[in-house]
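Trainee: Just passing along the structure, written as structure tokens.
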Amino acid sequence: MSDQLGRRDFLRIAGGGVAASMIIAAAPPPPSKKLLEMLRLMRRIRHFEERLTGLYQYESYLEKSDLAGDMYDFASKGVIAGAVHLYIGQEAVAVGICAALEREDYVTSSHRGHGHAIAKGAAFGPMMAELMGRKTGYSKGCGGSMHIFSKELGLLGGNGIVGAEIPLATGAAFSAKYQGSRQVAVAFLGEGASNQGTFHEALNMAALWELPVIFVCENNLYAASTPAAIALALPNVADRAAAYGIPGQVVDGQDVLAVHAAASAAVERARSGGGPTLLECKTYRFTSHAGAGKGRHDNPEELKKWLKRDPIELFEKKLRDDGVLTAADQEALKQQVVAEVEEAVAFAKKSAFPAFNEMPVTPGTDLLA
Amino acid sequence: MRELTYTQAISEAIREEMKRDETVFQIGEDIGPVRTRSSLWKQFMKNRAWQTPISESGFVGLSVGAAMTGLRPITVIMYCDFVGVCMDPIVNQAAKIHLMSGGQIKVPMVIRTPAGAGTREGGHHSGSLESWFVHSPGLKVVMPSDPYDAKGLMKSAIRDDGPVIYIQNRILHRLGKQQCPEGEWLVPLGKADVKRAGTDITVVGISTGVMKALEAAEKLAGKISVEVVDPRTLVPLDVDTILASVKKTGHLLVVHDAPRRGGVGAEIIRRVVERGFGSLKKAPRVLGGVNTAMPYSPPLEDACLPDANVIVKAIRDMLS
């Protein structure tokens, strides 16, 4: 599929023009091996999540005339018991950013965190097991889809509280600077979170103390079902960086190489003591807010336009055009990832549920007092 | 032995722990000597006191992130009432991350907050909010009533691997000095202390409630023998010590400044009734603040809080 919309047109659609604070990063492109690894990670996110739709069966309790219930009044009868927030459509952001990080760097994430975990190196088995509430899950089945933690991978969890992830990453960056390590921290947040007070408080402190943190706003144009157009006073979240005297950059969030270039510059700035950066990646979630049509954005024309800029298809086309990838390689990669997902499903399904007495509560807690 | 005030005792604990462990630092509003913006980081590193902007949810959240990644913050909420703007990082983040991460990630932090009524500061600076935290799984709650406990509990709180809410009552800041030993001591979390031995009634005091109960006990000396028990930490709660006292006296009265409705007094009575109903000769009671925001006017504020005279009257009623 061709890239029918030019980037400038696309950014105009995404958010009313190119931000005044936009900076064009000029890092050299990654080597072929790395490019293929980035593609593999994007495919991993896509196929992991596509497989989930067969694993939950949501049923709504809402009647048509119901004004008092909300879109979350549903239950799943499937093997995944709770809600999942799909990342499909935004893969270029997680992969472009995480490809600029090292294993020991920190990431905090949001409701929509599967992509961030996979891009940071999470394995399918423990992720799928976590979604199914099994003891082999990353968080021993105690976290679920929104709370995938891995100390080893620097994953400081997704967050069910919009905006809470922003000060947490700022604190991880504080910690790195305090301890004199080289680590940096990334907060992945939605444009909805940019309207929380924590966003402004954290950016201010990070700027004051020149903390090694990168705030990555994924502006997918919807906060649950609320369009950014009725929630942001200015269309570009990146412009808010000016209020704190830090760089703010609008990035094409469908272009993994653009994201990676911006991320590399921001990471370099953070590691060298230059302080924080705000990146706003213009992107789009191709599905509803939380699986099974909950929180649909109900704009088929808009969706159609964005589907033409599927980040994986755009990247594959570029790699084919550049002679890095053949059509056969592309298909083989896809099949391999799909097979890995199936292995993870089998692993998770055969894993045991955690026992009540194994619950990892804070030591000394009297659960029944 | 030497004399220490309540806040001197806390300061001593913090200073000693900072010296012992370089991951310990204090962060909050108006706490540092730093006054200029130039080279903030260097100034802070020197004194390990981080003076923040007025951004409670930001710096409490930052502290949680720091605690998750190897540091031990002592985070100061200048007035406990201000937790209204930062409950999320406390009850949703610090308290829950250990479980939600499958036990991988510890959050060793102390939230130190001056609190309490009776200081003529009006409705936004007089909160006794301990039951909010007692009700939130994942937090420990510490409320020392004298300088000795204030120091020993602060040191234990800093060394604890989970989030601890350390509530220091402002009235106690103004109390006289207490004889304390030289050097360091620890008071374990979850161990009550019998502050005055007695045989006729058990009065469990929370924070300033201990001071008021001791005053009442003194007024009744020679007539009624009052045992005053200080739980010192509300989570974990040392029910055994309270039960042992109630078994001896057969009577239980709990005293705190927080409103009685849904309060810690009700919780202590539940715990005693569940395990020691047979020891009680009379229905247990709670004396607490009335169900209102704190009024400013001194006579009104006093009328909203229990004092030694009210305790004396309640004890006489219960034993009549």
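Letters A, B, ... go to the chains of the structure tokens in the order shown; residues in each chain start at 1; ligands are counted from 1 in the same order.
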Write out as a list in words the set of residues from stretch 247-341 of chain A that DSSP, computed on the backbone, places in strand (DSSP E or B).

Mentor: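 Residues of stretch 247-341 of chain A classed as strand (DSSP E or B): Gly248, Gln249, Val250, Val251, Asp252, Thr277, Leu278, Leu279, Glu280, Cys281 and Lys282 of chain A.
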
Trainee: Based on the selection just made, write N, CA and C atoms of those residues as an mmCIF file, in the first residue's frame.

Mentor:
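What ended up in out26.cif:
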data_model
loop_
_atom_site.group_PDB
_atom_site.id
_atom_site.type_symbol
_atom_site.label_atom_id
_atom_site.label_comp_id
_atom_site.auth_asym_id
_atom_site.auth_seq_id
_atom_site.Cartn_x
_atom_site.Cartn_y
_atom_site.Cartn_z
ATOM 1 N N GLY A 248 10.281 20.457 22.551
ATOM 2 C CA GLY A 248 9.037 19.747 22.268
ATOM 3 C C GLY A 248 8.966 19.507 20.785
ATOM 4 N N GLN A 249 8.661 18.286 20.391
ATOM 5 C CA GLN A 249 8.741 17.961 18.971
ATOM 6 C C GLN A 249 7.537 17.135 18.546
ATOM 7 N N VAL A 250 6.903 17.546 17.465
ATOM 8 C CA VAL A 250 5.853 16.739 16.857
ATOM 9 C C VAL A 250 6.521 15.736 15.920
ATOM 10 N N VAL A 251 6.123 14.485 16.046
ATOM 11 C CA VAL A 251 6.740 13.427 15.244
ATOM 12 C C VAL A 251 5.634 12.652 14.536
ATOM 13 N N ASP A 252 5.920 12.195 13.334
ATOM 14 C CA ASP A 252 4.988 11.321 12.621
ATOM 15 C C ASP A 252 5.021 9.952 13.305
ATOM 16 N N THR A 277 12.932 15.873 27.397
ATOM 17 C CA THR A 277 12.370 16.245 26.096
ATOM 18 C C THR A 277 10.927 15.754 26.062
ATOM 19 N N LEU A 278 10.082 16.511 25.394
ATOM 20 C CA LEU A 278 8.702 16.073 25.154
ATOM 21 C C LEU A 278 8.541 15.751 23.674
ATOM 22 N N LEU A 279 8.230 14.504 23.379
ATOM 23 C CA LEU A 279 7.949 14.119 21.995
ATOM 24 C C LEU A 279 6.459 13.842 21.873
ATOM 25 N N GLU A 280 5.847 14.411 20.874
ATOM 26 C CA GLU A 280 4.440 14.114 20.628
ATOM 27 C C GLU A 280 4.340 13.328 19.328
ATOM 28 N N CYS A 281 3.988 12.066 19.434
ATOM 29 C CA CYS A 281 3.868 11.229 18.247
ATOM 30 C C CYS A 281 2.412 11.202 17.807
ATOM 31 N N LYS A 282 2.164 11.736 16.616
ATOM 32 C CA LYS A 282 0.796 11.749 16.085
ATOM 33 C C LYS A 282 0.489 10.358 15.552
#

Trainee: Please identify every residue of chain A that has at least one atom no more than 6 Å from any atom of chain B, counting only C-alpha atoms, and report them as a list in words.

Mentor: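 For chain A, the answer reads Ser139, Lys140, Cys142, Gly143, Phe149, Pro167, Leu168, Thr170, Gly171, Ala172, Ser175, Thr198, Glu201, Ala202, Pro360 and Val361 of chain A.
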
Trainee: Residues of the last selection are to be written out with N, CA and C atoms, as an mmCIF file, in the first residue's frame.

Mentor:
data_model
loop_
_atom_site.group_PDB
_atom_site.id
_atom_site.type_symbol
_atom_site.label_atom_id
_atom_site.label_comp_id
_atom_site.auth_asym_id
_atom_site.auth_seq_id
_atom_site.Cartn_x
_atom_site.Cartn_y
_atom_site.Cartn_z
ATOM 1 N N SER A 139 3.537 -10.502 36.249
ATOM 2 C CA SER A 139 3.213 -10.008 37.587
ATOM 3 C C SER A 139 2.495 -11.082 38.396
ATOM 4 N N LYS A 140 2.825 -12.325 38.109
ATOM 5 C CA LYS A 140 2.257 -13.491 38.799
ATOM 6 C C LYS A 140 0.729 -13.512 38.763
ATOM 7 N N CYS A 142 -1.182 -11.088 39.173
ATOM 8 C CA CYS A 142 -1.770 -10.090 40.080
ATOM 9 C C CYS A 142 -1.919 -8.719 39.421
ATOM 10 N N GLY A 143 -1.386 -8.564 38.222
ATOM 11 C CA GLY A 143 -1.440 -7.259 37.570
ATOM 12 C C GLY A 143 -2.481 -7.193 36.473
ATOM 13 N N PHE A 149 4.779 -5.715 34.724
ATOM 14 C CA PHE A 149 6.032 -5.216 35.279
ATOM 15 C C PHE A 149 7.147 -6.208 34.981
ATOM 16 N N PRO A 167 4.836 11.193 36.621
ATOM 17 C CA PRO A 167 5.757 11.379 37.755
ATOM 18 C C PRO A 167 6.557 10.126 38.100
ATOM 19 N N LEU A 168 5.996 8.940 37.850
ATOM 20 C CA LEU A 168 6.756 7.719 38.170
ATOM 21 C C LEU A 168 8.027 7.655 37.324
ATOM 22 N N THR A 170 9.504 10.156 35.988
ATOM 23 C CA THR A 170 10.335 11.283 36.430
ATOM 24 C C THR A 170 11.121 10.870 37.671
ATOM 25 N N GLY A 171 10.469 10.100 38.540
ATOM 26 C CA GLY A 171 11.146 9.594 39.739
ATOM 27 C C GLY A 171 12.234 8.583 39.406
ATOM 28 N N ALA A 172 11.975 7.745 38.402
ATOM 29 C CA ALA A 172 13.005 6.780 37.983
ATOM 30 C C ALA A 172 14.214 7.538 37.418
ATOM 31 N N SER A 175 16.116 8.991 40.235
ATOM 32 C CA SER A 175 16.883 7.918 40.848
ATOM 33 C C SER A 175 18.191 7.672 40.083
ATOM 34 N N THR A 198 -0.606 16.055 36.774
ATOM 35 C CA THR A 198 0.682 15.363 36.932
ATOM 36 C C THR A 198 1.618 15.639 35.760
ATOM 37 N N GLU A 201 3.140 19.101 36.441
ATOM 38 C CA GLU A 201 3.993 19.067 37.634
ATOM 39 C C GLU A 201 5.295 18.324 37.331
ATOM 40 N N ALA A 202 5.165 17.219 36.625
ATOM 41 C CA ALA A 202 6.354 16.409 36.330
ATOM 42 C C ALA A 202 7.264 17.121 35.330
ATOM 43 N N PRO A 360 1.536 -12.202 46.350
ATOM 44 C CA PRO A 360 2.743 -11.490 46.796
ATOM 45 C C PRO A 360 2.409 -10.189 47.517
ATOM 46 N N VAL A 361 1.773 -10.305 48.668
ATOM 47 C CA VAL A 361 1.437 -9.092 49.428
ATOM 48 C C VAL A 361 2.676 -8.593 50.149
#

Trainee: Near B:Leu153, counting only C-alpha atoms, which residues have an atom at most 10 Å away, once you skip same-chain residues fewer than 5 positions from it, shown as a PyMOL selection string?

Mentor: chain B and resi 10+13+142-144+147-148+158-159+166+185-190+232-233

Trainee: Given only C-alpha atoms as the basis, pick out the residue of B:Leu300, B:Val194, B:Leu287, B:Ile74 nearest to B:Val264.

Mentor: B:Leu287

Trainee: Taking a cut-off of 12 Å and counting only C-alpha atoms, can you build a table that, for each residue of stretch 111-138 of chain B near stretch 208-217 of chain B, reports the nearest atom pair and how far apart they are in Å (one decimal), sorted by chain then residue number, as a tab-separated table?

Mentor:
residue	atom	partner	partner_atom	distance
B:Ala115	CA	B:Thr208	CA	10.7
B:Gly116	CA	B:Thr208	CA	8.6
B:Ala117	CA	B:Thr208	CA	9.7
B:Gly118	CA	B:Thr208	CA	10.3
B:Ser128	CA	B:Thr208	CA	10.7

Trainee: Save the residues we just selected, C-alpha atoms, as a short mmCIF file (atom, residue, chain, number, x, y, z; two decimals), in the first residue's frame?

Mentor:
data_model
loop_
_atom_site.label_atom_id
_atom_site.label_comp_id
_atom_site.auth_asym_id
_atom_site.auth_seq_id
_atom_site.Cartn_x
_atom_site.Cartn_y
_atom_site.Cartn_z
CA ALA B 115 -1.41 16.70 61.07
CA GLY B 116 -4.09 17.24 63.63
CA ALA B 117 -6.43 19.81 65.08
CA GLY B 118 -6.24 22.29 67.93
CA SER B 128 -6.88 13.99 61.37
#

Trainee: Between B:Cys80, B:Met18, B:Val164, B:Ala258, which is the closest to B:Ala293 once you count only C-alpha atoms?

Mentor: B:Ala258

Trainee: Quick one: residues within 12 Å of A:Ala233, only C-alpha atoms counted, chain neighbours fewer than 2 positions away excluded, as a list in words?

Mentor: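 The contact residues come out as Gly15, Gly16, Glu191, Gly192, Ser194, Asn195, Pro227, Ala228, Ala229, Ile230, Ala231, Pro235, Asn236, Val237, Asp239 and Arg240 of chain A.
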
Trainee: Hey, can you spit out that residue selection with C-alpha atoms as an mmCIF file, in the first residue's frame?

Mentor:
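Result file selection14.cif:
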data_model
loop_
_atom_site.group_PDB
_atom_site.id
_atom_site.type_symbol
_atom_site.label_atom_id
_atom_site.label_comp_id
_atom_site.auth_asym_id
_atom_site.auth_seq_id
_atom_site.Cartn_x
_atom_site.Cartn_y
_atom_site.Cartn_z
ATOM 1 C CA GLY A 15 -3.335 18.026 14.766
ATOM 2 C CA GLY A 16 -3.706 21.285 12.928
ATOM 3 C CA GLU A 191 -2.809 12.955 24.884
ATOM 4 C CA GLY A 192 -5.557 12.472 27.471
ATOM 5 C CA SER A 194 -1.426 15.550 29.034
ATOM 6 C CA ASN A 195 -4.519 17.195 30.510
ATOM 7 C CA PRO A 227 -11.806 13.333 20.716
ATOM 8 C CA ALA A 228 -8.651 15.376 21.288
ATOM 9 C CA ALA A 229 -10.376 18.139 19.324
ATOM 10 C CA ILE A 230 -12.713 18.798 22.258
ATOM 11 C CA ALA A 231 -10.149 18.161 24.990
ATOM 12 C CA PRO A 235 -3.849 20.906 18.940
ATOM 13 C CA ASN A 236 -0.190 20.129 19.592
ATOM 14 C CA VAL A 237 0.730 18.731 22.986
ATOM 15 C CA ASP A 239 3.814 23.039 22.203
ATOM 16 C CA ARG A 240 3.348 22.692 25.955
#
